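The structure appears below as structure tokens.
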Amino acid sequence: MKNHVKVARVKTDLTQQQLADLVGITRQTVSLIEKGKYNPSLKLCLQICYALNSTLDELFWMDEEDFT
Amino acid sequence: MRKITDERLVLRNLKHIKIAYIVQTIGIIFILGFEFFQSGFEGMRDNPLWLVFILTGVVNAYLSMSLSVEHEQIRNPRKSLAMSVLVLAAVAAGTAYLTSNTPNLEGTEGLLLGIILFICGLVPLVYVYRLRVKQQQDAEDE
């Protein structure tokens, strides 16, 4: 599923490894989340939001048409 | 060695454990099957792998019971338990009677078999009953 994690991460000037270290996951998982190939749990979504100073809406919300 | 905290890797690890369990179980079944063809049922039961197989089966059955309870919709767990205990008692009594009337077997052996059958059957029934009661309480708390 698509998301805006990469855009927010670049705005915050963090590398994938730095974001991974902040959140407690691997760089590969960050990459997969950004590509939309892995769907994180709600807990992990929130942790990413806190690390990037964003909200769930800004990073992970999508319209119903895009969801299906 | 660091503990894995990445949820994706934790899930992948669980999938790997599942695959390893399936391979192990297939291996155990093959070995027991070979033992059965070589030495018959008694020979197969003498193999310690038989105990491992039975123990794993029992653990798997109890874990599956907790899934089944969440899947079903029993309105009256107490009534369901009473019916199940009645059926179990009938089966245990019938088995005890038939065993007692078997030649070369004494009445006490039949009685003992019936009691063991009843107790072994009662444990999972009580376990399922407690799971259903807990699930009902959780539903009432909402």
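Chains: A, B, ... in order of the structure tokens. Residues: from 1 per chain. Ligands: from 1, in order shown.
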Counting only C-alpha atoms, what are the residues of chain B within 10 Å of chain A, and for each of them which pair of atoms is the nearest and at what distance in Å, to one decimal? Sort the table by chain and rising number, as a Markdown table.
```
| residue | atom | partner | partner_atom | distance |
| --- | --- | --- | --- | --- |
| B:Ile4 | CA | A:Ile25 | CA | 8.5 |
| B:Thr5 | CA | A:Gly24 | CA | 6.4 |
| B:Asp6 | CA | A:Ile25 | CA | 4.3 |
| B:Glu7 | CA | A:Ile25 | CA | 7.4 |
| B:Arg8 | CA | A:Thr29 | CA | 7.0 |
| B:Leu9 | CA | A:Thr29 | CA | 8.6 |
```
Please list as a PyMOL selection string every residue within 12 Å of range 118-126 of chain B, counting only C-alpha atoms and excluding residues in the same chain fewer than 6 positions away. chain B and resi 58-59+61-66+69+77-78+80-96+111-112+132-133
Residues just named, written with N, CA and C atoms as a short mmCIF file (atom, residue, chain, number, x, y, z; two decimals), in the first residue's frame:
```cif
data_model
loop_
_atom_site.label_atom_id
_atom_site.label_comp_id
_atom_site.auth_asym_id
_atom_site.auth_seq_id
_atom_site.Cartn_x
_atom_site.Cartn_y
_atom_site.Cartn_z
N VAL B 58 -1.31 -33.64 20.93
CA VAL B 58 -2.16 -33.17 22.04
C VAL B 58 -2.01 -31.65 22.21
N VAL B 59 -0.76 -31.17 22.18
CA VAL B 59 -0.52 -29.72 22.33
C VAL B 59 -1.20 -28.96 21.19
N ALA B 61 -3.78 -29.93 19.47
CA ALA B 61 -5.24 -30.02 19.64
C ALA B 61 -5.72 -28.97 20.64
N TYR B 62 -5.00 -28.82 21.75
CA TYR B 62 -5.41 -27.83 22.77
C TYR B 62 -5.30 -26.41 22.23
N LEU B 63 -4.26 -26.14 21.44
CA LEU B 63 -4.10 -24.81 20.86
C LEU B 63 -5.22 -24.55 19.83
N SER B 64 -5.59 -25.59 19.08
CA SER B 64 -6.66 -25.44 18.08
C SER B 64 -8.00 -25.19 18.76
N MET B 65 -8.18 -25.76 19.96
CA MET B 65 -9.44 -25.57 20.71
C MET B 65 -9.65 -24.09 21.00
N SER B 66 -8.59 -23.38 21.34
CA SER B 66 -8.74 -21.95 21.66
C SER B 66 -9.14 -21.16 20.42
N VAL B 69 -13.00 -22.02 19.71
CA VAL B 69 -13.92 -21.35 20.64
C VAL B 69 -14.19 -19.92 20.14
N PRO B 77 -22.66 -22.00 27.47
CA PRO B 77 -21.54 -22.95 27.67
C PRO B 77 -21.86 -24.03 28.70
N ARG B 78 -22.66 -23.66 29.71
CA ARG B 78 -22.96 -24.62 30.78
C ARG B 78 -23.78 -25.79 30.22
N SER B 80 -23.90 -26.75 27.11
CA SER B 80 -23.04 -27.48 26.19
C SER B 80 -22.12 -28.44 26.95
N LEU B 81 -21.59 -27.97 28.10
CA LEU B 81 -20.71 -28.81 28.92
C LEU B 81 -21.49 -30.00 29.48
N ALA B 82 -22.71 -29.74 29.95
CA ALA B 82 -23.53 -30.81 30.54
C ALA B 82 -23.81 -31.89 29.50
N MET B 83 -24.19 -31.47 28.30
CA MET B 83 -24.46 -32.44 27.22
C MET B 83 -23.21 -33.25 26.90
N SER B 84 -22.08 -32.58 26.80
CA SER B 84 -20.82 -33.25 26.45
C SER B 84 -20.42 -34.25 27.54
N VAL B 85 -20.60 -33.86 28.82
CA VAL B 85 -20.24 -34.75 29.92
C VAL B 85 -21.14 -35.99 29.92
N LEU B 86 -22.42 -35.76 29.60
CA LEU B 86 -23.36 -36.90 29.52
C LEU B 86 -22.94 -37.89 28.44
N VAL B 87 -22.61 -37.36 27.28
CA VAL B 87 -22.19 -38.22 26.16
C VAL B 87 -20.90 -38.95 26.53
N LEU B 88 -19.96 -38.21 27.14
CA LEU B 88 -18.68 -38.82 27.55
C LEU B 88 -18.92 -39.93 28.56
N ALA B 89 -19.81 -39.67 29.54
CA ALA B 89 -20.11 -40.68 30.57
C ALA B 89 -20.70 -41.93 29.92
N ALA B 90 -21.56 -41.72 28.94
CA ALA B 90 -22.20 -42.85 28.24
C ALA B 90 -21.14 -43.68 27.50
N VAL B 91 -20.24 -42.97 26.82
CA VAL B 91 -19.18 -43.66 26.06
C VAL B 91 -18.25 -44.42 27.01
N ALA B 92 -17.87 -43.76 28.14
CA ALA B 92 -16.97 -44.39 29.12
C ALA B 92 -17.65 -45.61 29.75
N ALA B 93 -18.93 -45.47 30.07
CA ALA B 93 -19.66 -46.58 30.70
C ALA B 93 -19.80 -47.74 29.72
N GLY B 94 -20.10 -47.42 28.46
CA GLY B 94 -20.24 -48.45 27.44
C GLY B 94 -18.92 -49.19 27.21
N THR B 95 -17.84 -48.44 27.17
CA THR B 95 -16.51 -49.05 26.97
C THR B 95 -16.15 -49.91 28.16
N ALA B 96 -16.44 -49.42 29.38
CA ALA B 96 -16.15 -50.19 30.61
C ALA B 96 -16.93 -51.50 30.61
N LEU B 111 -13.58 -51.41 34.51
CA LEU B 111 -13.95 -50.22 35.30
C LEU B 111 -12.84 -49.18 35.25
N LEU B 112 -11.61 -49.68 35.40
CA LEU B 112 -10.45 -48.77 35.38
C LEU B 112 -10.35 -48.06 34.02
N ARG B 132 -14.85 -20.80 26.75
CA ARG B 132 -16.14 -20.22 26.31
C ARG B 132 -16.65 -19.21 27.34
N VAL B 133 -16.53 -19.56 28.62
CA VAL B 133 -16.99 -18.66 29.69
C VAL B 133 -16.18 -17.36 29.64
#
```
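Reported to one decimal place, the separation of CA of Lys15 in chain B from CA of Ile29 in chain B is 21.2 Å.
Distance check against Val10 in chain A using only C-alpha atoms: of A:Ser31, A:Asp66, A:Leu59, A:Leu52, the minimum falls on A:Leu52.
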Could you give me the residues within range 57-124 of chain B that DSSP places in helix (DSSP H, G or I), as a ChimeraX atom specification? /B:57-71,77-100,107-124
Contact residues around Asp57 in chain A with only C-alpha atoms at 12 Å, ignoring same-chain residues under 5 positions, as a PDB file with N, CA, C and O atoms, in the first residue's frame:
```pdb
ATOM      1  N   ASN A   3       2.251   5.046   0.523  1.00  0.00           N
ATOM      2  CA  ASN A   3       2.324   5.943   1.670  1.00  0.00           C
ATOM      3  C   ASN A   3       3.296   7.083   1.338  1.00  0.00           C
ATOM      4  O   ASN A   3       3.887   7.102   0.255  1.00  0.00           O
ATOM      5  N   HIS A   4       3.430   8.015   2.294  1.00  0.00           N
ATOM      6  CA  HIS A   4       4.282   9.194   2.062  1.00  0.00           C
ATOM      7  C   HIS A   4       5.477   9.214   2.997  1.00  0.00           C
ATOM      8  O   HIS A   4       5.977  10.269   3.375  1.00  0.00           O
ATOM      9  N   VAL A   5       5.915   8.029   3.399  1.00  0.00           N
ATOM     10  CA  VAL A   5       7.010   7.938   4.380  1.00  0.00           C
ATOM     11  C   VAL A   5       8.298   8.498   3.793  1.00  0.00           C
ATOM     12  O   VAL A   5       9.015   9.249   4.469  1.00  0.00           O
ATOM     13  N   CYS A  45       3.493   2.090  12.583  1.00  0.00           N
ATOM     14  CA  CYS A  45       3.092   3.314  11.872  1.00  0.00           C
ATOM     15  C   CYS A  45       3.224   4.516  12.805  1.00  0.00           C
ATOM     16  O   CYS A  45       3.765   5.561  12.434  1.00  0.00           O
ATOM     17  N   LEU A  46       2.737   4.352  14.034  1.00  0.00           N
ATOM     18  CA  LEU A  46       2.800   5.461  15.008  1.00  0.00           C
ATOM     19  C   LEU A  46       4.250   5.793  15.346  1.00  0.00           C
ATOM     20  O   LEU A  46       4.615   6.958  15.448  1.00  0.00           O
ATOM     21  N   CYS A  49       5.637   7.803  12.655  1.00  0.00           N
ATOM     22  CA  CYS A  49       5.078   9.168  12.718  1.00  0.00           C
ATOM     23  C   CYS A  49       5.819  10.002  13.761  1.00  0.00           C
ATOM     24  O   CYS A  49       6.175  11.154  13.523  1.00  0.00           O
ATOM     25  N   MET A  62      -4.987   7.128   2.798  1.00  0.00           N
ATOM     26  CA  MET A  62      -5.222   7.099   1.374  1.00  0.00           C
ATOM     27  C   MET A  62      -6.722   7.068   1.116  1.00  0.00           C
ATOM     28  O   MET A  62      -7.481   6.577   1.952  1.00  0.00           O
ATOM     29  N   ASP A  63      -7.126   7.591  -0.020  1.00  0.00           N
ATOM     30  CA  ASP A  63      -8.549   7.608  -0.370  1.00  0.00           C
ATOM     31  C   ASP A  63      -9.019   6.195  -0.689  1.00  0.00           C
ATOM     32  O   ASP A  63      -8.223   5.324  -1.057  1.00  0.00           O
TER      33      ASP A  63
END
```
Taken to one decimal, the CA of Phe34 in chain B-CA of Ile19 in chain B distance is 22.7 Å
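Interatomic distance, CA of Ala20 in chain B to CA of Lys43 in chain A: 28.9 Å.
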Given only C-alpha atoms as the counted atoms, nearest of A:Ile33, A:Leu19, A:Leu14, A:Arg9 to Ser54 in chain A: A:Arg9
